[in-house]
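**Student:** To be precise about what I am sending: the file is called coords-v5.pdb and holds PDB, C-alpha atoms and all ligand atoms.
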MODEL        1
ATOM      1  CA  MET R  10    -101.111-113.702 -22.793  1.00  0.00           C
ATOM      2  CA  SER R  11    -103.884-114.294 -25.331  1.00  0.00           C
ATOM      3  CA  SER R  12    -103.011-114.182 -29.018  1.00  0.00           C
ATOM      4  CA  SER R  13    -105.455-111.293 -29.493  1.00  0.00           C
ATOM      5  CA  THR R  14    -103.547-109.221 -26.903  1.00  0.00           C
ATOM      6  CA  GLU R  15    -100.325-110.019 -28.719  1.00  0.00           C
ATOM      7  CA  GLN R  16    -101.934-108.974 -32.021  1.00  0.00           C
ATOM      8  CA  GLU R  17    -103.177-105.700 -30.478  1.00  0.00           C
ATOM      9  CA  LYS R  18     -99.642-104.943 -29.293  1.00  0.00           C
ATOM     10  CA  LYS R  19     -98.230-105.745 -32.752  1.00  0.00           C
ATOM     11  CA  ASN R  20    -100.779-103.532 -34.517  1.00  0.00           C
ATOM     12  CA  ALA R  21    -100.060-100.612 -32.190  1.00  0.00           C
ATOM     13  CA  ALA R  22     -96.297-101.115 -32.613  1.00  0.00           C
ATOM     14  CA  ARG R  23     -96.533-101.232 -36.419  1.00  0.00           C
ATOM     15  CA  GLU R  24     -98.635 -98.068 -36.542  1.00  0.00           C
ATOM     16  CA  ALA R  25     -96.226 -96.224 -34.221  1.00  0.00           C
ATOM     17  CA  VAL R  26     -93.135 -97.155 -36.223  1.00  0.00           C
ATOM     18  CA  LYS R  27     -94.756 -95.565 -39.315  1.00  0.00           C
ATOM     19  CA  LEU R  28     -94.272 -92.192 -37.566  1.00  0.00           C
ATOM     20  CA  ILE R  29     -90.450 -92.478 -37.674  1.00  0.00           C
ATOM     21  CA  ARG R  30     -88.657 -90.458 -40.370  1.00  0.00           C
ATOM     22  CA  ASP R  31     -85.135 -90.664 -41.800  1.00  0.00           C
ATOM     23  CA  HIS R  32     -82.323 -89.068 -39.752  1.00  0.00           C
ATOM     24  CA  GLN R  33     -84.328 -88.921 -36.537  1.00  0.00           C
ATOM     25  CA  VAL R  34     -83.012 -89.717 -33.078  1.00  0.00           C
ATOM     26  CA  VAL R  35     -85.398 -92.382 -31.787  1.00  0.00           C
ATOM     27  CA  GLY R  36     -85.980 -93.375 -28.164  1.00  0.00           C
ATOM     28  CA  LEU R  37     -86.351 -97.132 -27.848  1.00  0.00           C
ATOM     29  CA  GLY R  38     -88.686 -98.238 -25.053  1.00  0.00           C
ATOM     30  CA  THR R  39     -88.598-101.272 -22.780  1.00  0.00           C
ATOM     31  CA  GLY R  40     -91.047-104.128 -22.212  1.00  0.00           C
ATOM     32  CA  SER R  41     -92.899-106.703 -24.268  1.00  0.00           C
ATOM     33  CA  THR R  42     -94.796-104.125 -26.378  1.00  0.00           C
ATOM     34  CA  ALA R  43     -91.734-101.967 -27.038  1.00  0.00           C
ATOM     35  CA  VAL R  44     -89.826-105.096 -28.117  1.00  0.00           C
ATOM     36  CA  LEU R  45     -92.325-105.555 -30.965  1.00  0.00           C
ATOM     37  CA  ALA R  46     -91.723-101.970 -32.099  1.00  0.00           C
ATOM     38  CA  ILE R  47     -87.948-102.434 -31.924  1.00  0.00           C
ATOM     39  CA  HIS R  48     -88.193-105.502 -34.185  1.00  0.00           C
ATOM     40  CA  GLU R  49     -90.266-103.435 -36.624  1.00  0.00           C
ATOM     41  CA  ILE R  50     -87.682-100.614 -36.480  1.00  0.00           C
ATOM     42  CA  GLY R  51     -84.930-103.185 -37.080  1.00  0.00           C
ATOM     43  CA  GLU R  52     -86.766-104.319 -40.196  1.00  0.00           C
ATOM     44  CA  ARG R  53     -87.058-100.731 -41.475  1.00  0.00           C
ATOM     45  CA  VAL R  54     -83.354-100.123 -40.773  1.00  0.00           C
ATOM     46  CA  ARG R  55     -82.567-103.258 -42.766  1.00  0.00           C
ATOM     47  CA  GLN R  56     -84.563-101.719 -45.616  1.00  0.00           C
ATOM     48  CA  GLY R  57     -82.550 -98.476 -45.482  1.00  0.00           C
ATOM     49  CA  LEU R  58     -84.068 -96.242 -42.778  1.00  0.00           C
ATOM     50  CA  VAL R  59     -81.330 -94.072 -41.265  1.00  0.00           C
ATOM     51  CA  ILE R  60     -81.812 -93.359 -37.552  1.00  0.00           C
ATOM     52  CA  GLN R  61     -79.924 -93.277 -34.281  1.00  0.00           C
ATOM     53  CA  GLY R  62     -81.502 -95.058 -31.321  1.00  0.00           C
ATOM     54  CA  VAL R  63     -81.410 -94.150 -27.637  1.00  0.00           C
ATOM     55  CA  PRO R  64     -82.217 -97.246 -25.564  1.00  0.00           C
ATOM     56  CA  THR R  65     -84.149 -97.005 -22.275  1.00  0.00           C
ATOM     57  CA  SER R  66     -82.559-100.113 -20.718  1.00  0.00           C
ATOM     58  CA  ASN R  67     -79.657-102.502 -21.025  1.00  0.00           C
ATOM     59  CA  SER R  68     -81.959-105.191 -22.435  1.00  0.00           C
ATOM     60  CA  THR R  69     -83.252-102.822 -25.119  1.00  0.00           C
ATOM     61  CA  ALA R  70     -79.689-101.794 -25.992  1.00  0.00           C
ATOM     62  CA  ALA R  71     -78.752-105.457 -26.411  1.00  0.00           C
ATOM     63  CA  LEU R  72     -81.751-106.122 -28.670  1.00  0.00           C
ATOM     64  CA  ALA R  73     -81.034-103.015 -30.767  1.00  0.00           C
ATOM     65  CA  ARG R  74     -77.436-104.147 -31.296  1.00  0.00           C
ATOM     66  CA  GLU R  75     -78.638-107.613 -32.310  1.00  0.00           C
ATOM     67  CA  LEU R  76     -80.892-105.987 -34.910  1.00  0.00           C
ATOM     68  CA  SER R  77     -78.094-103.648 -36.110  1.00  0.00           C
ATOM     69  CA  ILE R  78     -79.972-100.495 -35.068  1.00  0.00           C
ATOM     70  CA  PRO R  79     -77.298 -97.787 -34.625  1.00  0.00           C
ATOM     71  CA  LEU R  80     -77.228 -96.351 -31.096  1.00  0.00           C
ATOM     72  CA  VAL R  81     -76.145 -92.953 -29.820  1.00  0.00           C
ATOM     73  CA  ASP R  82     -75.254 -91.772 -26.305  1.00  0.00           C
ATOM     74  CA  ILE R  83     -78.178 -89.804 -24.831  1.00  0.00           C
ATOM     75  CA  ASN R  84     -75.782 -87.138 -23.585  1.00  0.00           C
ATOM     76  CA  SER R  85     -74.450 -86.419 -27.052  1.00  0.00           C
ATOM     77  CA  VAL R  86     -77.859 -85.408 -28.474  1.00  0.00           C
ATOM     78  CA  ALA R  87     -79.726 -82.172 -27.675  1.00  0.00           C
ATOM     79  CA  HIS R  88     -83.089 -83.883 -27.929  1.00  0.00           C
ATOM     80  CA  ILE R  89     -84.777 -87.075 -29.051  1.00  0.00           C
ATOM     81  CA  ASP R  90     -87.206 -86.630 -31.950  1.00  0.00           C
ATOM     82  CA  ILE R  91     -89.573 -89.488 -31.215  1.00  0.00           C
ATOM     83  CA  THR R  92     -89.759 -92.258 -28.616  1.00  0.00           C
ATOM     84  CA  ILE R  93     -91.867 -95.386 -28.816  1.00  0.00           C
ATOM     85  CA  ASP R  94     -92.488 -97.010 -25.452  1.00  0.00           C
ATOM     86  CA  GLY R  95     -95.055 -99.151 -23.639  1.00  0.00           C
ATOM     87  CA  ALA R  96     -97.075 -98.508 -20.473  1.00  0.00           C
ATOM     88  CA  ASP R  97     -98.689-100.511 -17.694  1.00  0.00           C
ATOM     89  CA  GLU R  98    -101.759 -98.270 -17.580  1.00  0.00           C
ATOM     90  CA  PHE R  99    -102.980 -95.121 -19.301  1.00  0.00           C
ATOM     91  CA  THR R 100    -105.978 -92.793 -19.064  1.00  0.00           C
ATOM     92  CA  LYS R 101    -107.596 -90.710 -21.783  1.00  0.00           C
ATOM     93  CA  GLU R 102    -105.817 -87.662 -20.276  1.00  0.00           C
ATOM     94  CA  LEU R 103    -102.592 -89.548 -21.194  1.00  0.00           C
ATOM     95  CA  HIS R 104    -101.507 -90.026 -17.601  1.00  0.00           C
ATOM     96  CA  LEU R 105     -99.447 -93.218 -17.441  1.00  0.00           C
ATOM     97  CA  ILE R 106     -98.094 -95.776 -15.023  1.00  0.00           C
ATOM     98  CA  LYS R 107     -94.794 -97.220 -16.206  1.00  0.00           C
ATOM     99  CA  GLY R 108     -92.054 -99.318 -14.663  1.00  0.00           C
ATOM    100  CA  GLY R 109     -93.561-102.812 -14.593  1.00  0.00           C
ATOM    101  CA  GLY R 110     -90.311-103.961 -16.211  1.00  0.00           C
ATOM    102  CA  GLY R 111     -88.176-101.836 -13.885  1.00  0.00           C
ATOM    103  CA  ALA R 112     -86.975 -99.380 -16.538  1.00  0.00           C
ATOM    104  CA  LEU R 113     -88.927 -96.295 -15.455  1.00  0.00           C
ATOM    105  CA  LEU R 114     -85.940 -94.106 -14.564  1.00  0.00           C
ATOM    106  CA  ARG R 115     -84.187 -94.228 -17.926  1.00  0.00           C
ATOM    107  CA  GLU R 116     -87.601 -94.244 -19.631  1.00  0.00           C
ATOM    108  CA  LYS R 117     -88.537 -90.977 -17.927  1.00  0.00           C
ATOM    109  CA  ILE R 118     -85.177 -89.361 -18.680  1.00  0.00           C
ATOM    110  CA  VAL R 119     -85.614 -90.327 -22.333  1.00  0.00           C
ATOM    111  CA  ALA R 120     -89.236 -89.086 -22.262  1.00  0.00           C
ATOM    112  CA  VAL R 121     -88.349 -85.634 -20.913  1.00  0.00           C
ATOM    113  CA  LYS R 122     -85.795 -85.199 -23.724  1.00  0.00           C
ATOM    114  CA  THR R 123     -88.294 -86.382 -26.351  1.00  0.00           C
ATOM    115  CA  LEU R 124     -90.303 -84.122 -28.649  1.00  0.00           C
ATOM    116  CA  GLN R 125     -92.901 -86.777 -29.514  1.00  0.00           C
ATOM    117  CA  GLU R 126     -93.463 -89.473 -26.894  1.00  0.00           C
ATOM    118  CA  VAL R 127     -95.586 -92.221 -28.430  1.00  0.00           C
ATOM    119  CA  ILE R 128     -97.014 -94.901 -26.153  1.00  0.00           C
ATOM    120  CA  ILE R 129     -98.140 -98.245 -27.546  1.00  0.00           C
ATOM    121  CA  ALA R 130    -100.465-100.594 -25.698  1.00  0.00           C
ATOM    122  CA  ASP R 131    -103.051-103.317 -25.987  1.00  0.00           C
ATOM    123  CA  ALA R 132    -106.604-102.535 -24.903  1.00  0.00           C
ATOM    124  CA  SER R 133    -106.157-104.011 -21.405  1.00  0.00           C
ATOM    125  CA  LYS R 134    -103.929-101.054 -20.458  1.00  0.00           C
ATOM    126  CA  TYR R 135    -106.705 -98.457 -20.730  1.00  0.00           C
ATOM    127  CA  VAL R 136    -108.213 -97.376 -17.366  1.00  0.00           C
ATOM    128  CA  GLU R 137    -110.614 -94.644 -16.268  1.00  0.00           C
ATOM    129  CA  ARG R 138    -108.307 -93.819 -13.364  1.00  0.00           C
ATOM    130  CA  LEU R 139    -104.778 -95.032 -12.575  1.00  0.00           C
ATOM    131  CA  GLY R 140    -104.021 -97.346  -9.690  1.00  0.00           C
ATOM    132  CA  ARG R 141    -105.114-100.875 -10.533  1.00  0.00           C
ATOM    133  CA  PHE R 142    -101.461-101.572 -11.381  1.00  0.00           C
ATOM    134  CA  ARG R 143     -99.192-101.013  -8.383  1.00  0.00           C
ATOM    135  CA  LEU R 144     -97.089 -97.906  -8.885  1.00  0.00           C
ATOM    136  CA  PRO R 145     -93.352 -98.649  -9.227  1.00  0.00           C
ATOM    137  CA  VAL R 146     -91.144 -96.259  -7.254  1.00  0.00           C
ATOM    138  CA  GLU R 147     -87.369 -96.394  -7.750  1.00  0.00           C
ATOM    139  CA  VAL R 148     -85.390 -95.849  -4.560  1.00  0.00           C
ATOM    140  CA  ILE R 149     -81.826 -95.765  -3.305  1.00  0.00           C
ATOM    141  CA  PRO R 150     -81.378 -99.178  -1.600  1.00  0.00           C
ATOM    142  CA  PHE R 151     -80.107 -97.549   1.629  1.00  0.00           C
ATOM    143  CA  ALA R 152     -83.353 -95.549   1.881  1.00  0.00           C
ATOM    144  CA  SER R 153     -85.854 -98.330   1.136  1.00  0.00           C
ATOM    145  CA  GLY R 154     -87.076 -98.783   4.744  1.00  0.00           C
ATOM    146  CA  TYR R 155     -87.517 -95.042   5.228  1.00  0.00           C
ATOM    147  CA  VAL R 156     -89.320 -94.639   1.907  1.00  0.00           C
ATOM    148  CA  LEU R 157     -91.716 -97.525   2.714  1.00  0.00           C
ATOM    149  CA  HIS R 158     -92.617 -95.701   5.916  1.00  0.00           C
ATOM    150  CA  GLU R 159     -93.114 -92.341   4.156  1.00  0.00           C
ATOM    151  CA  LEU R 160     -95.301 -94.012   1.519  1.00  0.00           C
ATOM    152  CA  GLU R 161     -97.597 -95.274   4.268  1.00  0.00           C
ATOM    153  CA  LYS R 162     -98.202 -91.661   5.266  1.00  0.00           C
ATOM    154  CA  LEU R 163     -99.497 -91.117   1.719  1.00  0.00           C
ATOM    155  CA  ASN R 164    -101.783 -94.178   2.122  1.00  0.00           C
ATOM    156  CA  GLY R 165     -99.533 -96.261  -0.097  1.00  0.00           C
ATOM    157  CA  LYS R 166     -98.880 -99.878   0.804  1.00  0.00           C
ATOM    158  CA  GLY R 167     -95.454-100.645  -0.610  1.00  0.00           C
ATOM    159  CA  GLU R 168     -93.385-103.772  -1.118  1.00  0.00           C
ATOM    160  CA  VAL R 169     -89.777-104.020  -2.291  1.00  0.00           C
ATOM    161  CA  ARG R 170     -89.822-105.876  -5.607  1.00  0.00           C
ATOM    162  CA  GLY R 171     -88.026-109.195  -5.991  1.00  0.00           C
ATOM    163  CA  ALA R 172     -85.253-110.598  -3.890  1.00  0.00           C
ATOM    164  CA  PRO R 173     -84.566-107.652  -4.437  1.00  0.00           C
ATOM    165  CA  PHE R 174     -84.744-106.688  -8.092  1.00  0.00           C
ATOM    166  CA  VAL R 175     -81.921-104.252  -8.964  1.00  0.00           C
ATOM    167  CA  THR R 176     -82.473-101.679 -11.721  1.00  0.00           C
ATOM    168  CA  ASP R 177     -80.009-100.782 -14.480  1.00  0.00           C
ATOM    169  CA  GLU R 178     -79.002 -97.789 -12.326  1.00  0.00           C
ATOM    170  CA  GLY R 179     -78.368 -99.970  -9.248  1.00  0.00           C
ATOM    171  CA  ASN R 180     -81.517 -99.067  -7.331  1.00  0.00           C
ATOM    172  CA  TYR R 181     -84.499-100.975  -5.869  1.00  0.00           C
ATOM    173  CA  ILE R 182     -88.124-100.760  -6.917  1.00  0.00           C
ATOM    174  CA  ILE R 183     -90.966-100.443  -4.408  1.00  0.00           C
ATOM    175  CA  ASP R 184     -94.354-101.421  -5.885  1.00  0.00           C
ATOM    176  CA  VAL R 185     -97.005 -99.327  -4.196  1.00  0.00           C
ATOM    177  CA  ASP R 186    -100.733 -99.950  -3.905  1.00  0.00           C
ATOM    178  CA  PHE R 187    -102.465 -96.558  -3.709  1.00  0.00           C
ATOM    179  CA  LYS R 188    -105.874 -97.985  -4.658  1.00  0.00           C
ATOM    180  CA  THR R 189    -107.270 -95.365  -7.050  1.00  0.00           C
ATOM    181  CA  ILE R 190    -104.955 -92.462  -7.882  1.00  0.00           C
ATOM    182  CA  GLU R 191    -107.326 -89.476  -7.995  1.00  0.00           C
ATOM    183  CA  ASP R 192    -104.722 -86.776  -8.693  1.00  0.00           C
ATOM    184  CA  PRO R 193    -101.584 -88.157 -10.391  1.00  0.00           C
ATOM    185  CA  VAL R 194     -99.961 -84.717 -10.735  1.00  0.00           C
ATOM    186  CA  ARG R 195    -100.236 -84.044  -6.997  1.00  0.00           C
ATOM    187  CA  LEU R 196     -99.085 -87.540  -6.043  1.00  0.00           C
ATOM    188  CA  SER R 197     -96.165 -87.211  -8.436  1.00  0.00           C
ATOM    189  CA  ALA R 198     -94.929 -84.082  -6.647  1.00  0.00           C
ATOM    190  CA  ARG R 199     -95.375 -85.654  -3.215  1.00  0.00           C
ATOM    191  CA  LEU R 200     -93.399 -88.749  -4.199  1.00  0.00           C
ATOM    192  CA  LYS R 201     -90.542 -86.685  -5.614  1.00  0.00           C
ATOM    193  CA  ASN R 202     -90.376 -84.918  -2.277  1.00  0.00           C
ATOM    194  CA  ILE R 203     -89.458 -88.082  -0.331  1.00  0.00           C
ATOM    195  CA  THR R 204     -85.734 -88.292   0.357  1.00  0.00           C
ATOM    196  CA  GLY R 205     -84.368 -91.480  -1.186  1.00  0.00           C
ATOM    197  CA  VAL R 206     -86.909 -91.637  -4.021  1.00  0.00           C
ATOM    198  CA  VAL R 207     -85.022 -91.412  -7.291  1.00  0.00           C
ATOM    199  CA  GLU R 208     -88.042 -91.475  -9.606  1.00  0.00           C
ATOM    200  CA  HIS R 209     -91.475 -93.020  -9.895  1.00  0.00           C
ATOM    201  CA  GLY R 210     -93.595 -94.512 -12.645  1.00  0.00           C
ATOM    202  CA  LEU R 211     -96.247 -91.787 -12.901  1.00  0.00           C
ATOM    203  CA  PHE R 212     -95.814 -90.089 -16.271  1.00  0.00           C
ATOM    204  CA  THR R 213     -97.991 -86.988 -16.510  1.00  0.00           C
ATOM    205  CA  GLY R 214     -97.853 -84.503 -19.369  1.00  0.00           C
ATOM    206  CA  LEU R 215     -95.171 -86.495 -21.178  1.00  0.00           C
ATOM    207  CA  ALA R 216     -97.020 -88.634 -23.736  1.00  0.00           C
ATOM    208  CA  GLU R 217     -97.985 -86.915 -26.991  1.00  0.00           C
ATOM    209  CA  ARG R 218    -100.197 -89.829 -28.041  1.00  0.00           C
ATOM    210  CA  VAL R 219    -101.155 -93.355 -27.116  1.00  0.00           C
ATOM    211  CA  LEU R 220    -101.748 -95.926 -29.855  1.00  0.00           C
ATOM    212  CA  MET R 221    -103.956 -98.651 -28.442  1.00  0.00           C
ATOM    213  CA  GLY R 222    -104.543-101.881 -30.322  1.00  0.00           C
ATOM    214  CA  THR R 223    -108.162-102.899 -29.930  1.00  0.00           C
ATOM    215  CA  GLY R 224    -109.399-105.941 -31.830  1.00  0.00           C
ATOM    216  CA  ASP R 225    -107.922-105.534 -35.321  1.00  0.00           C
ATOM    217  CA  LYS R 226    -107.915-101.708 -35.128  1.00  0.00           C
ATOM    218  CA  VAL R 227    -105.653 -99.117 -33.557  1.00  0.00           C
ATOM    219  CA  GLN R 228    -107.257 -96.320 -31.559  1.00  0.00           C
ATOM    220  CA  VAL R 229    -105.267 -93.110 -31.187  1.00  0.00           C
ATOM    221  CA  PHE R 230    -105.551 -91.002 -28.023  1.00  0.00           C
ATOM    222  CA  LEU R 231    -104.070 -87.527 -28.401  1.00  0.00           C
ATOM    223  CA  LYS R 232    -102.907 -85.079 -25.758  1.00  0.00           C
ATOM    224  CA  GLN R 233    -105.697 -82.655 -26.700  1.00  0.00           C
ATOM    225  CA  ASN R 234    -108.162 -85.253 -25.382  1.00  0.00           C
ATOM    226  CA  SER R 235    -109.319 -86.367 -28.826  1.00  0.00           C
ATOM    227  CA  THR R 236    -109.364 -89.904 -30.157  1.00  0.00           C
ATOM    228  CA  PHE R 237    -109.638 -91.529 -33.585  1.00  0.00           C
ATOM    229  CA  THR R 238    -109.095 -94.871 -35.259  1.00  0.00           C
ATOM    230  CA  ALA R 239    -105.903 -95.193 -37.367  1.00  0.00           C
TER     231      ALA R 239
HETATM  232  O1  LIG R 301     -90.323-100.736 -17.053  1.00  0.00           O
HETATM  233  C1  LIG R 301     -90.973-101.114 -18.016  1.00  0.00           C
HETATM  234  C2  LIG R 301     -91.772-100.260 -18.881  1.00  0.00           C
HETATM  235  O2  LIG R 301     -92.321 -99.130 -18.275  1.00  0.00           O
HETATM  236  C3  LIG R 301     -92.762-100.979 -19.780  1.00  0.00           C
HETATM  237  O3  LIG R 301     -92.917-100.137 -20.898  1.00  0.00           O
HETATM  238  C4  LIG R 301     -94.097-101.268 -19.154  1.00  0.00           C
HETATM  239  O4  LIG R 301     -93.903-102.035 -17.981  1.00  0.00           O
HETATM  240  C5  LIG R 301     -95.037-102.014 -20.107  1.00  0.00           C
HETATM  241  O5  LIG R 301     -94.503-103.249 -20.411  1.00  0.00           O
HETATM  242  P1  LIG R 301     -95.266-104.307 -21.330  1.00  0.00           P
HETATM  243  O6  LIG R 301     -95.299-103.735 -22.703  1.00  0.00           O
HETATM  244  O7  LIG R 301     -94.436-105.554 -21.236  1.00  0.00           O
HETATM  245  O8  LIG R 301     -96.629-104.502 -20.741  1.00  0.00           O
ENDMDL
END
Mind turning this structure into structure tokens?
**Tutor:**
Amino acid sequence: MSSSTEQEKKNAAREAVKLIRDHQVVGLGTGSTAVLAIHEIGERVRQGLVIQGVPTSNSTAALARELSIPLVDINSVAHIDITIDGADEFTKELHLIKGGGGALLREKIVAVKTLQEVIIADASKYVERLGRFRLPVEVIPFASGYVLHELEKLNGKGEVRGAPFVTDEGNYIIDVDFKTIEDPVRLSARLKNITGVVEHGLFTGLAERVLMGTGDKVQVFLKQNSTFTA
């Protein structure tokens, strides 16, 4: 990864962490961009910020503990105030592909309980339409052959990730090439309808904003389809 990409991620992460307030329940994302935000949160906690974190993966939970960020069980909170997470792709409508790191299931559960879902990304993640990145679909291992077959009927060419890769919830991931995804909301519903699919990496209507590092600036994409530079 180029150092400018790394800097874009850092700038987006720093800007996002500024949105966190004392006494909030904070969803902690997964992936290389989210890691930068978690370090920044750790620094603010060290300086006295009082929050409770809800991790989206085992690796994020481990990092949060290392940084002494207090954690809370997701099932003991009514909602999560703000979540900061990464994405593999996003559009200006704030449709996302997530799950490149295999954490999409817990990430989506955290996202649906979150009041303000903030996505952080470098400029390479912005696309006109989703689909350049293969869509991760989390499946029950026993159903993987059946799901691969059903995906073909939707013109998706799938491949079980890894040897296989096993998610934190004990499932497999199928990475699916759909070429361009014209209607993510429709595809989302069709995928959820396949028996054996636990969840998929299309996030539609969940992000409140995307903070995208671009050069030395951070561009903000809001749900209402507006954008400005932070
Ligand atoms: O499963 C992983 C997550 O959805 C990540 O947030 C996503 O893959 C982006 O990761 P990164 O920030 O490393 O590009």
**Student:** Using the chain letters and numbering of this document, enumerate as a list in words the residues selected by the PyMOL selection byres (((chain R and resi 52) around 12) and not hetatm).
**Tutor:**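 Answer for the PyMOL selection byres (((chain R and resi 52) around 12) and not hetatm): Arg23, Val26, Lys27, Leu45, Ala46, Ile47, His48, Glu49, Ile50, Gly51, Arg53, Val54, Arg55, Gln56, Gly57, Leu58, Val59, Ala73, Glu75, Leu76, Ser77 and Ile78 of chain R.
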**Student:** Produce a file of the selected residues containing C-alpha atoms, as a CSV table (one decimal), in the frame of the given file.
**Tutor:**
chain,number,residue,atom,x,y,z
R,23,ARG,CA,-96.5,-101.2,-36.4
R,26,VAL,CA,-93.1,-97.2,-36.2
R,27,LYS,CA,-94.8,-95.6,-39.3
R,45,LEU,CA,-92.3,-105.6,-31.0
R,46,ALA,CA,-91.7,-102.0,-32.1
R,47,ILE,CA,-87.9,-102.4,-31.9
R,48,HIS,CA,-88.2,-105.5,-34.2
R,49,GLU,CA,-90.3,-103.4,-36.6
R,50,ILE,CA,-87.7,-100.6,-36.5
R,51,GLY,CA,-84.9,-103.2,-37.1
R,53,ARG,CA,-87.1,-100.7,-41.5
R,54,VAL,CA,-83.4,-100.1,-40.8
R,55,ARG,CA,-82.6,-103.3,-42.8
R,56,GLN,CA,-84.6,-101.7,-45.6
R,57,GLY,CA,-82.6,-98.5,-45.5
R,58,LEU,CA,-84.1,-96.2,-42.8
R,59,VAL,CA,-81.3,-94.1,-41.3
R,73,ALA,CA,-81.0,-103.0,-30.8
R,75,GLU,CA,-78.6,-107.6,-32.3
R,76,LEU,CA,-80.9,-106.0,-34.9
R,77,SER,CA,-78.1,-103.6,-36.1
R,78,ILE,CA,-80.0,-100.5,-35.1
**Student:** Of the candidates R:Val136, R:Val206, R:Leu103, R:Leu211, which shows the shortest atom-to-atom distance to ligand LIG 301 (chain R), using all atoms listed in the file?
**Tutor:**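 With all atoms listed in the file as the atom set, the closest residue is R:Leu211.
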**Student:** Please find the residues contacting ligand LIG 301 (chain R) at a distance of at most 10 Å between atoms, with all atoms listed in the file counted, and report them as JSON, numbers by chain.
**Tutor:** {"R": [18, 38, 39, 40, 41, 42, 43, 44, 45, 65, 66, 93, 94, 95, 96, 97, 98, 105, 106, 107, 108, 109, 110, 111, 112, 113, 114, 115, 116, 117, 128, 129, 130, 131, 133, 134, 145, 176, 210, 211, 212]}
**Student:** Just to confirm, what's the straight-line distance from CA of Arg195 (chain R) to CA of Val169 (chain R) in Å (one decimal)?
**Tutor:**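 Here the two named atoms are 23.0 Å from each other.
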**Student:** Quote the spacing between CA of Ile149 (chain R) and CA of Thr189 (chain R) in Å to one decimal place.
**Tutor:**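 Between these atoms lies a distance of 25.7 Å.
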**Student:** Any idea what's packed within 9 Å of Val63 (chain R), counting all atoms listed in the file, ignoring anything in its chain fewer than 3 positions away? Could you give it as a ChimeraX atom specification?
**Tutor:** /R:34-38,70,79-83,89,92,119
**Student:** So how many Å separate CA of Arg199 (chain R) and CA of Lys101 (chain R), to one decimal?
**Tutor:**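 Calculated distance between CA of Arg199 (chain R) and CA of Lys101 (chain R) is 22.8 Å.
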**Student:** Taking (-96.2, -90.8, -37.8) in the file's coordinates, which residues come within 12 Å, counting all atoms listed in the file, written as a list in words?
**Tutor:**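 Protein, DNA and RNA residues close to (-96.2, -90.8, -37.8): Ala21, Ala22, Arg23, Glu24, Ala25, Val26, Lys27, Leu28, Ile29, Arg30, Asp31, Asp90, Ile91, Thr92, Ile93, Gln125, Glu126, Val127, Glu217, Arg218, Leu220, Val229 and Ala239 of chain R.
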**Student:** Given the choices R:Val194, R:Ala87, R:Ala132, R:Ile118, which gets closest to Glu17 (chain R) if the distance is worked out from all atoms listed in the file?
**Tutor:**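 Comparing R:Val194, R:Ala87, R:Ala132, R:Ile118 against Glu17 (chain R), the winner is R:Ala132.
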